[in-house]
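What follows is the content of my_file.txt (compact mmCIF, C-alpha atoms).
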# COMPACT_ATOMS: atom_id res chain seq x y z
CA MET X 1 3.59 -2.92 13.61
CA ILE X 2 5.19 0.45 12.92
CA GLN X 3 7.90 1.12 10.32
CA ILE X 4 9.43 4.58 10.54
CA ARG X 5 10.52 6.50 7.42
CA LYS X 6 12.88 9.28 8.53
CA ALA X 7 12.74 12.57 6.67
CA ASP X 8 16.37 12.52 5.57
CA THR X 9 16.05 9.05 3.98
CA ARG X 10 13.51 10.30 1.41
CA GLY X 11 14.42 11.10 -2.17
CA HIS X 12 15.47 14.69 -2.77
CA ALA X 13 15.43 16.91 -5.86
CA GLN X 14 16.69 20.49 -6.00
CA HIS X 15 15.71 22.35 -9.15
CA GLY X 16 16.41 25.89 -7.99
CA TRP X 17 12.79 27.02 -8.17
CA LEU X 18 11.62 23.75 -6.58
CA ASP X 19 12.99 21.95 -3.52
CA SER X 20 11.20 18.59 -3.28
CA TRP X 21 11.39 15.60 -0.95
CA HIS X 22 9.85 12.33 -2.18
CA THR X 23 8.51 9.76 0.30
CA PHE X 24 8.05 7.28 -2.55
CA SER X 25 9.80 6.75 -5.88
CA PHE X 26 9.12 9.68 -8.17
CA ALA X 27 10.73 11.16 -11.31
CA ASN X 28 14.50 10.60 -11.06
CA TYR X 29 14.29 9.13 -7.56
CA TYR X 30 13.84 5.37 -7.70
CA ASP X 31 13.91 3.03 -4.70
CA PRO X 32 12.28 -0.39 -5.14
CA ALA X 33 11.76 -0.56 -1.37
CA HIS X 34 9.63 2.61 -1.48
CA MET X 35 7.30 2.43 -4.48
CA GLY X 36 4.21 3.35 -2.48
CA TYR X 37 2.09 2.00 0.35
CA SER X 38 -1.23 0.32 -0.45
CA VAL X 39 -2.90 2.70 -2.93
CA LEU X 40 -0.82 5.65 -1.72
CA ARG X 41 1.63 6.34 -4.55
CA VAL X 42 3.13 9.80 -3.98
CA ILE X 43 3.78 12.17 -1.08
CA ASN X 44 5.93 15.03 -2.32
CA ASP X 45 6.95 17.71 0.18
CA ASP X 46 7.47 20.70 -2.14
CA ILE X 47 8.84 24.19 -1.55
CA ILE X 48 8.16 26.43 -4.56
CA ALA X 49 10.11 29.65 -4.98
CA PRO X 50 8.26 32.99 -5.35
CA ALA X 51 6.65 33.53 -8.77
CA ALA X 52 7.61 30.00 -9.86
CA GLY X 53 5.70 26.77 -10.41
CA PHE X 54 4.59 23.96 -12.65
CA PRO X 55 3.43 24.97 -16.14
CA MET X 56 0.45 23.25 -17.75
CA HIS X 57 0.94 19.46 -17.73
CA ALA X 58 -1.24 16.35 -18.02
CA HIS X 59 -2.43 13.64 -15.61
CA GLN X 60 -4.57 10.57 -16.16
CA ASP X 61 -6.20 8.00 -13.83
CA MET X 62 -4.84 9.40 -10.59
CA GLU X 63 -6.44 10.94 -7.49
CA ILE X 64 -4.41 14.04 -6.61
CA VAL X 65 -4.76 15.86 -3.29
CA THR X 66 -2.93 19.12 -2.57
CA TYR X 67 -2.44 20.29 1.02
CA VAL X 68 -0.83 23.72 1.42
CA LEU X 69 1.21 24.33 4.58
CA GLU X 70 2.74 27.76 3.97
CA GLY X 71 2.13 30.50 1.43
CA ALA X 72 -0.30 29.92 -1.42
CA LEU X 73 -0.68 28.00 -4.68
CA GLU X 74 -2.59 29.19 -7.73
CA HIS X 75 -4.35 26.43 -9.72
CA ARG X 76 -5.65 26.47 -13.32
CA ASP X 77 -6.92 23.47 -15.25
CA SER X 78 -8.40 22.36 -18.56
CA LEU X 79 -11.87 22.05 -16.98
CA GLY X 80 -11.90 25.81 -16.47
CA ASN X 81 -11.28 25.71 -12.73
CA GLY X 82 -9.02 28.27 -11.15
CA GLY X 83 -8.25 29.70 -7.75
CA VAL X 84 -5.72 30.11 -4.98
CA ILE X 85 -5.16 27.40 -2.37
CA GLN X 86 -3.96 28.47 1.08
CA PRO X 87 -3.30 26.75 4.42
CA GLY X 88 -6.59 25.26 5.59
CA ASP X 89 -7.69 24.42 2.04
CA VAL X 90 -7.76 20.87 0.68
CA GLN X 91 -7.86 20.45 -3.09
CA ARG X 92 -8.81 17.24 -4.89
CA MET X 93 -8.41 16.56 -8.59
CA SER X 94 -9.58 13.29 -10.13
CA ALA X 95 -7.58 13.03 -13.36
CA GLY X 96 -9.69 10.20 -14.80
CA THR X 97 -9.64 10.11 -18.60
CA GLY X 98 -7.28 13.08 -18.66
CA ILE X 99 -6.81 16.59 -17.31
CA ARG X 100 -4.22 19.33 -17.72
CA HIS X 101 -3.36 21.83 -15.00
CA SER X 102 -0.79 24.35 -13.82
CA GLU X 103 0.31 25.26 -10.29
CA PHE X 104 2.16 28.48 -9.47
CA ASN X 105 3.22 30.36 -6.38
CA PRO X 106 1.44 33.72 -6.83
CA SER X 107 3.65 35.55 -4.33
CA GLN X 108 6.53 37.64 -5.63
CA THR X 109 8.38 37.45 -2.30
CA GLU X 110 7.39 34.39 -0.23
CA PRO X 111 7.96 30.68 -0.94
CA ALA X 112 5.06 28.21 -0.84
CA ARG X 113 5.24 24.82 0.89
CA LEU X 114 2.77 22.04 0.19
CA LEU X 115 2.25 18.30 0.22
CA GLN X 116 1.20 16.87 -3.12
CA ILE X 117 -0.41 13.45 -2.76
CA TRP X 118 -1.28 10.88 -5.42
CA LEU X 119 -3.52 7.88 -4.83
CA LEU X 120 -4.27 5.15 -7.34
CA PRO X 121 -7.99 5.32 -8.23
CA GLN X 122 -10.48 2.62 -7.32
CA LYS X 123 -11.98 2.93 -10.80
CA THR X 124 -10.15 4.11 -13.92
CA GLY X 125 -11.57 6.04 -16.86
CA VAL X 126 -13.86 8.30 -14.81
CA THR X 127 -14.84 11.81 -15.88
CA PRO X 128 -12.21 14.29 -14.63
CA SER X 129 -13.34 16.51 -11.76
CA TYR X 130 -12.09 19.08 -9.29
CA GLU X 131 -13.03 20.08 -5.74
CA GLN X 132 -11.70 22.44 -3.08
CA THR X 133 -12.83 22.73 0.54
CA ARG X 134 -11.68 24.90 3.41
CA PHE X 135 -11.37 23.61 6.99
CA ASP X 136 -11.36 25.80 10.08
CA PRO X 137 -8.20 25.17 12.15
CA VAL X 138 -10.48 24.54 15.15
CA GLN X 139 -11.78 21.41 13.38
CA LEU X 140 -8.25 19.96 13.36
CA GLN X 141 -7.01 21.08 16.76
CA GLY X 142 -6.26 18.14 19.04
CA ARG X 143 -8.36 15.74 16.97
CA PHE X 144 -8.36 13.83 13.68
CA CYS X 145 -10.58 15.55 11.12
CA VAL X 146 -11.45 13.69 7.91
CA VAL X 147 -10.54 15.95 4.97
CA ALA X 148 -10.89 13.45 2.09
CA SER X 149 -13.08 10.36 1.79
CA PRO X 150 -14.89 8.22 -0.82
CA ASP X 151 -18.30 9.54 0.30
CA GLY X 152 -17.53 13.16 1.17
CA ARG X 153 -18.41 12.60 4.81
CA ASP X 154 -18.32 15.53 7.26
CA GLY X 155 -17.69 18.01 4.47
CA SER X 156 -14.53 16.32 3.19
CA VAL X 157 -13.53 16.29 -0.47
CA HIS X 158 -14.54 13.18 -2.46
CA ILE X 159 -11.84 10.77 -3.67
CA ASN X 160 -12.27 7.83 -6.02
CA GLN X 161 -10.68 5.33 -3.62
CA ASP X 162 -11.41 3.43 -0.39
CA THR X 163 -9.19 5.77 1.62
CA LEU X 164 -9.83 8.20 4.45
CA LEU X 165 -7.42 11.10 4.81
CA TYR X 166 -7.30 12.76 8.24
CA ALA X 167 -5.55 15.94 9.32
CA ALA X 168 -4.77 16.96 12.88
CA LYS X 169 -2.99 19.81 14.66
CA PHE X 170 -1.33 19.49 18.05
CA ASP X 171 -0.12 21.82 20.74
CA GLN X 172 2.46 20.57 23.18
CA GLY X 173 0.89 17.91 25.42
CA GLU X 174 -2.24 17.37 23.32
CA THR X 175 -3.26 13.78 22.55
CA ALA X 176 -5.56 12.38 19.85
CA ARG X 177 -6.68 8.86 19.00
CA LEU X 178 -7.82 7.34 15.72
CA GLU X 179 -9.32 3.85 15.57
CA LEU X 180 -8.40 1.52 12.71
CA ALA X 181 -10.88 -1.13 11.57
CA PRO X 182 -9.66 -4.76 11.43
CA GLY X 183 -7.59 -5.41 8.31
CA ARG X 184 -6.94 -1.71 7.66
CA ARG X 185 -3.50 -0.11 7.65
CA ALA X 186 -2.35 3.48 7.73
CA TYR X 187 0.38 5.85 6.68
CA LEU X 188 1.27 8.83 8.86
CA GLN X 189 3.11 11.91 7.59
CA VAL X 190 4.35 14.64 9.91
CA ALA X 191 3.81 17.85 7.96
CA GLN X 192 5.10 20.23 10.62
CA GLY X 193 6.43 20.06 14.18
CA ASP X 194 7.04 17.07 16.44
CA VAL X 195 4.81 14.28 17.76
CA GLU X 196 5.17 10.95 19.52
CA LEU X 197 3.67 7.72 18.16
CA LYS X 198 3.72 4.73 20.50
CA GLY X 199 7.03 5.81 22.02
CA TYR X 200 8.57 6.86 18.71
CA PRO X 201 9.43 10.57 18.43
CA LEU X 202 8.56 11.82 14.94
CA HIS X 203 9.70 15.13 13.48
CA CYS X 204 8.79 17.30 10.49
CA GLY X 205 9.06 15.19 7.31
CA ASP X 206 9.07 11.83 9.09
CA GLY X 207 6.54 9.17 8.12
CA ALA X 208 5.34 5.83 9.46
CA GLU X 209 3.82 2.72 7.91
CA ILE X 210 1.29 1.32 10.38
CA SER X 211 -0.23 -2.17 10.15
CA GLN X 212 -1.80 -4.71 12.52
CA GLU X 213 -2.71 -1.91 14.93
CA THR X 214 -6.18 -1.16 16.32
CA GLU X 215 -5.60 2.55 16.91
CA ILE X 216 -3.21 5.40 16.35
CA VAL X 217 -2.39 7.52 19.40
CA LEU X 218 -0.42 10.73 18.83
CA ASN X 219 0.99 13.06 21.47
CA GLY X 220 2.13 16.57 20.64
CA ILE X 221 5.75 17.23 21.56
CA HIS X 222 5.77 20.71 20.04
CA ALA X 223 3.20 22.47 17.84
CA ALA X 224 2.59 20.03 14.97
CA GLU X 225 0.43 19.19 11.96
CA VAL X 226 -0.04 15.60 10.80
CA LEU X 227 -1.77 13.72 7.98
CA VAL X 228 -2.95 10.12 8.40
CA PHE X 229 -4.15 7.89 5.54
CA ASP X 230 -6.53 5.07 6.53
CA LEU X 231 -5.92 2.50 3.78
CA GLN X 232 -6.98 -0.94 2.59

Show me, as structure tokens, the structure contained in the file I just sent.
Amino acid sequence: MIQIRKADTRGHAQHGWLDSWHTFSFANYYDPAHMGYSVLRVINDDIIAPAAGFPMHAHQDMEIVTYVLEGALEHRDSLGNGGVIQPGDVQRMSAGTGIRHSEFNPSQTEPARLLQIWLLPQKTGVTPSYEQTRFDPVQLQGRFCVVASPDGRDGSVHINQDTLLYAAKFDQGETARLELAPGRRAYLQVAQGDVELKGYPLHCGDGAEISQETEIVLNGIHAAEVLVFDLQ
């Protein structure tokens, strides 16, 4: 079963320095029909203006994954971590008992676009931690590459949850398949471009809840980038 979530039906917030689309209820956007999916709680599609960003703020008991699509994002946190995240990088922060961090667009001229993802943790009260890994675009081209997992498989970042996060890039006409184990479900988010899922055309910003399916087959309509969450 596939339930499509069109991009323009998401919540939207325009703060001047931040243009954000919310797949699930977040901040001032509340929709009881879209509170999350399985342990997936937040997918925010953010565009941050040049030299702007989020000042130091706190998180607790949340798995936070940041996936940059355009530009760059500079991260600082209370653990002493710091660095710049660019397309190809995947950042994971386990908030656990509590962590503070800031995120800024370091460019003075170019906006930054990213997906910020929150997952409910499998275990609360863990020691906060941070991880960042870079993936070669070749690893994602025409195939599903695991970029986050509970066991760090294939060089992915570790997350404190029974979830596998895959990324894939498509050229026009490319096809990729991802098997789903019995009883598992998935959420698909089109980050860029256009793909087809079981006869459904999906465009940038569209999502899909997937359940009672044995595999996900995606066809590239135009150059595209997609995230897929394999969930309980």

Legend entry - Atomic distance atom CA of X:Ala95 - atom CA of X:Ala58, expressed in Å with one decimal: 8.5 Å

Inset, instruction - Using only C-alpha atoms, find the one residue out of X:Leu227, X:Thr127, X:Gly205, X:Arg41 that sits nearest to X:Ala167. - result: X:Leu227

Inset, instruction - Rank nothing, just name the residue among X:Asp45, X:Asp8, X:Glu131, X:Glu63 nearest to X:Ile85, using only C-alpha atoms. - result: X:Glu131

Legend entry - Selected residue of minimal separation from X:Glu179 among X:Ile216, X:Cys204, X:Met93, X:Leu231, counting all atoms listed in the file: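 The shortest atom-to-atom distance to X:Glu179 comes from X:Ile216.
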
Legend entry - Length of the atom CA of X:Leu114 to atom CA of X:Gly71 vector [Å]: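 Pair atom CA of X:Leu114 / atom CA of X:Gly71 returns 8.6 Å.
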
Inset, instruction - Could you please determine the separation between atom CA of X:Pro150 and atom CA of X:Met56 in Å, to one decimal place? - result: 27.3 Å
